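Input: a single structure, listed below in C-alpha cells.
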Amino acid sequence: MNYQQYYPLDVVNGEGTRCTLFVSGCEHFCKGCHNSSTWDASKGHRFTQEMEDQILTDLKDSRIHRDGLSLSGGDPLFPENLDDIQHLVKRVKAELPDKDIWLWTGYTLETLSTQQKAVIEFVDVLIDGKYEEDKRDLSLPWRGSSNQRVIKLKH
C-alpha cells in the first residue's frame, strides 16, 4: 500500500484530536473529488513498518492527546489496501483499545466485500458513499455530499 500524506496531529478529520493517514488508491473516480491526486495506487510513499510504528507512537504520545486514528484517501477499502489497513486497525485496537478509528470510503456499508467487512470490524465510525458533486453540501460535518453517511458502528 502507498499513502499520500500523514498528519500526526489533525483536528479536521473526525471528532477530537487525531492522527490521519491519507492512502493512495481509489476506483470510484468521483467527479469533483478534492483528493483526485490519491486515485493512483502507485503514487505517494510506500507504507512501511516504520510508518505503522510511527502512527502507534504518535497515538500513544502522552504529551499531545489524540482521540484516535482517521483513515481516508484515496480509499482505505480499495482492494489493494485491505491487507495493510486491516493489519493497522487490528494493531491500533489491540494496543490502544481506548482510541477510536474513523474510516472514509466510497463504498457503501451494504456493498462491502467479506474482506472489507473484516476491516470495519475494527472501525468505530464509517463515512460511506461516493462523493456526488450534485449533492455537495459543505455544511455537513465530515462529508462533502448529502448522500454520504456517518455511521457509528461502535458506541
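Note on naming: chains are A, B, ... as they come in the C-alpha cells, residues start from 1 per chain, ligands start from 1 in the order shown.
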Name the residues of range 20-71 of chain A that come out as alpha helix (DSSP H) in a backbone DSSP run; write them as a PyMOL selection string. chain A and resi 49-60
Surrounding residues of range 16-31 of chain A excluding itself and chain neighbours under 4 positions, 8 Å, only C-alpha atoms, as a VMD selection string: chain A and resid 1 to 11 36 38 to 44 55 58 to 59 65 to 76 78 80 to 81 106 130 to 133
For Ala94 in chain A, find every residue with an atom within 12 Å (counting only C-alpha atoms), except residues of its own chain fewer than 6 positions away, and show them as a PyMOL selection string. chain A and resi 56+87-88+100+122
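Using only C-alpha atoms, the nearest neighbour of Arg91 in chain A within the list A:Val12, A:Ser37, A:Thr57, A:Gly129 is A:Thr57.
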Based on the backbone DSSP call, show me all residues of range 16-124 of chain A assigned strand (DSSP E or B), as a tab-separated table (two decimals) with all heavy atoms, in the first residue's frame.
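Below is the file states10.tsv, written as the result:
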```
chain	number	residue	atom	x	y	z
A	18	ARG	N	-6.58	13.95	16.34
A	18	ARG	CA	-6.39	12.67	15.70
A	18	ARG	C	-5.06	12.58	14.95
A	18	ARG	O	-4.44	13.59	14.65
A	18	ARG	CB	-7.52	12.42	14.69
A	18	ARG	CG	-8.88	12.88	15.22
A	18	ARG	CD	-10.03	12.47	14.37
A	18	ARG	NE	-10.14	11.03	14.25
A	18	ARG	CZ	-10.54	10.23	15.24
A	18	ARG	NH1	-10.89	10.73	16.40
A	18	ARG	NH2	-10.62	8.92	15.07
A	19	CYS	N	-4.69	11.37	14.63
A	19	CYS	CA	-3.67	11.09	13.62
A	19	CYS	C	-4.45	10.72	12.35
A	19	CYS	O	-5.44	9.97	12.44
A	19	CYS	CB	-2.79	9.92	14.02
A	19	CYS	SG	-1.79	10.19	15.49
A	20	THR	N	-4.05	11.24	11.20
A	20	THR	CA	-4.79	10.99	9.97
A	20	THR	C	-3.85	10.52	8.87
A	20	THR	O	-2.83	11.16	8.62
A	20	THR	CB	-5.54	12.25	9.52
A	20	THR	OG1	-6.46	12.63	10.55
A	20	THR	CG2	-6.31	12.01	8.24
A	21	LEU	N	-4.24	9.42	8.22
A	21	LEU	CA	-3.49	8.84	7.12
A	21	LEU	C	-4.35	8.89	5.86
A	21	LEU	O	-5.47	8.37	5.86
A	21	LEU	CB	-3.11	7.39	7.44
A	21	LEU	CG	-2.29	6.66	6.38
A	21	LEU	CD1	-0.88	7.25	6.29
A	21	LEU	CD2	-2.23	5.17	6.71
A	22	PHE	N	-3.82	9.52	4.81
A	22	PHE	CA	-4.47	9.55	3.50
A	22	PHE	C	-3.76	8.54	2.60
A	22	PHE	O	-2.61	8.75	2.22
A	22	PHE	CB	-4.38	10.95	2.88
A	22	PHE	CG	-5.29	11.95	3.54
A	22	PHE	CD1	-4.85	12.69	4.61
A	22	PHE	CD2	-6.59	12.14	3.09
A	22	PHE	CE1	-5.67	13.62	5.23
A	22	PHE	CE2	-7.42	13.06	3.69
A	22	PHE	CZ	-6.96	13.80	4.77
A	23	VAL	N	-4.46	7.45	2.29
A	23	VAL	CA	-3.86	6.38	1.49
A	23	VAL	C	-4.03	6.66	0.00
A	23	VAL	O	-4.87	7.46	-0.41
A	23	VAL	CB	-4.47	5.01	1.84
A	23	VAL	CG1	-4.25	4.69	3.31
A	23	VAL	CG2	-5.94	4.94	1.47
A	45	HIS	N	4.00	7.52	-1.05
A	45	HIS	CA	5.08	6.87	-0.30
A	45	HIS	C	4.66	5.45	0.05
A	45	HIS	O	3.50	5.20	0.37
A	45	HIS	CB	5.36	7.64	0.99
A	45	HIS	CG	5.45	9.12	0.80
A	45	HIS	ND1	6.57	9.75	0.32
A	45	HIS	CD2	4.52	10.10	1.02
A	45	HIS	CE1	6.34	11.06	0.26
A	45	HIS	NE2	5.11	11.29	0.67
A	46	ARG	N	5.62	4.56	0.07
A	46	ARG	CA	5.33	3.17	0.47
A	46	ARG	C	4.97	3.15	1.96
A	46	ARG	O	5.65	3.79	2.78
A	46	ARG	CB	6.57	2.31	0.21
A	46	ARG	CG	6.31	0.84	0.36
A	46	ARG	CD	5.67	0.28	-0.90
A	46	ARG	NE	5.02	-0.99	-0.55
A	46	ARG	CZ	3.76	-1.28	-0.82
A	46	ARG	NH1	3.00	-0.44	-1.47
A	46	ARG	NH2	3.25	-2.43	-0.47
A	68	GLY	N	-7.90	9.42	18.44
A	68	GLY	CA	-7.89	8.23	17.60
A	68	GLY	C	-7.24	8.44	16.26
A	68	GLY	O	-6.54	9.42	16.02
A	69	LEU	N	-7.52	7.50	15.37
A	69	LEU	CA	-6.93	7.44	14.04
A	69	LEU	C	-8.01	7.64	13.00
A	69	LEU	O	-9.09	7.04	13.10
A	69	LEU	CB	-6.27	6.07	13.84
A	69	LEU	CG	-5.73	5.75	12.44
A	69	LEU	CD1	-4.58	6.67	12.07
A	69	LEU	CD2	-5.30	4.28	12.37
A	70	SER	N	-7.73	8.46	11.99
A	70	SER	CA	-8.62	8.66	10.85
A	70	SER	C	-7.93	8.14	9.60
A	70	SER	O	-6.74	8.41	9.38
A	70	SER	CB	-8.97	10.14	10.67
A	70	SER	OG	-9.77	10.58	11.73
A	71	LEU	N	-8.68	7.38	8.80
A	71	LEU	CA	-8.17	6.78	7.57
A	71	LEU	C	-9.00	7.28	6.40
A	71	LEU	O	-10.22	7.09	6.36
A	71	LEU	CB	-8.23	5.26	7.65
A	71	LEU	CG	-7.42	4.65	8.79
A	71	LEU	CD1	-7.79	3.18	8.99
A	71	LEU	CD2	-5.93	4.80	8.51
A	72	SER	N	-8.33	7.92	5.45
A	72	SER	CA	-9.01	8.49	4.30
A	72	SER	C	-8.15	8.28	3.08
A	72	SER	O	-7.22	7.48	3.09
A	72	SER	CB	-9.31	9.98	4.55
A	72	SER	OG	-10.18	10.50	3.58
A	73	GLY	N	-8.43	9.00	2.02
A	73	GLY	CA	-7.60	8.79	0.84
A	73	GLY	C	-8.03	9.64	-0.32
A	73	GLY	O	-8.56	10.72	-0.12
A	100	ASP	N	-10.38	5.64	19.12
A	100	ASP	CA	-11.37	5.28	18.10
A	100	ASP	C	-10.76	5.40	16.70
A	100	ASP	O	-9.74	6.05	16.50
A	100	ASP	CB	-12.65	6.11	18.23
A	100	ASP	CG	-12.46	7.60	18.01
A	100	ASP	OD1	-11.39	8.03	17.55
A	100	ASP	OD2	-13.40	8.36	18.30
A	101	ILE	N	-11.39	4.70	15.76
A	101	ILE	CA	-10.93	4.70	14.38
A	101	ILE	C	-12.09	5.16	13.50
A	101	ILE	O	-13.19	4.61	13.57
A	101	ILE	CB	-10.45	3.30	13.94
A	101	ILE	CG1	-9.25	2.87	14.80
A	101	ILE	CG2	-10.08	3.29	12.46
A	101	ILE	CD1	-8.78	1.44	14.55
A	102	TRP	N	-11.81	6.16	12.68
A	102	TRP	CA	-12.75	6.67	11.69
A	102	TRP	C	-12.21	6.29	10.32
A	102	TRP	O	-11.00	6.37	10.08
A	102	TRP	CB	-12.86	8.19	11.78
A	102	TRP	CG	-13.60	8.71	12.98
A	102	TRP	CD1	-13.41	8.38	14.28
A	102	TRP	CD2	-14.63	9.69	12.96
A	102	TRP	NE1	-14.25	9.08	15.08
A	102	TRP	CE2	-15.02	9.90	14.30
A	102	TRP	CE3	-15.26	10.41	11.97
A	102	TRP	CZ2	-16.01	10.81	14.65
A	102	TRP	CZ3	-16.24	11.32	12.31
A	102	TRP	CH2	-16.62	11.51	13.65
A	103	LEU	N	-13.10	5.90	9.41
A	103	LEU	CA	-12.68	5.50	8.07
A	103	LEU	C	-13.66	6.05	7.03
A	103	LEU	O	-14.86	5.89	7.16
A	103	LEU	CB	-12.62	3.97	7.98
A	103	LEU	CG	-12.00	3.38	6.72
A	103	LEU	CD1	-11.26	2.09	7.04
A	103	LEU	CD2	-13.05	3.12	5.64
A	104	TRP	N	-13.10	6.69	5.99
A	104	TRP	CA	-13.87	7.23	4.87
A	104	TRP	C	-13.72	6.29	3.69
A	104	TRP	O	-12.60	5.88	3.34
A	104	TRP	CB	-13.33	8.60	4.46
A	104	TRP	CG	-13.80	9.73	5.30
A	104	TRP	CD1	-14.75	10.66	4.96
A	104	TRP	CD2	-13.35	10.10	6.62
A	104	TRP	NE1	-14.93	11.56	5.99
A	104	TRP	CE2	-14.08	11.23	7.02
A	104	TRP	CE3	-12.42	9.56	7.51
A	104	TRP	CZ2	-13.90	11.86	8.25
A	104	TRP	CZ3	-12.24	10.16	8.72
A	104	TRP	CH2	-12.96	11.30	9.09
```
Grab the CA of Arg136 in chain A to CA of Gln148 in chain A distance for me, in Å with one decimal place. 9.9 Å
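Our summary of the geometry notes that CA of Lys60 in chain A is positioned 28.8 Å from CA of Pro79 in chain A.
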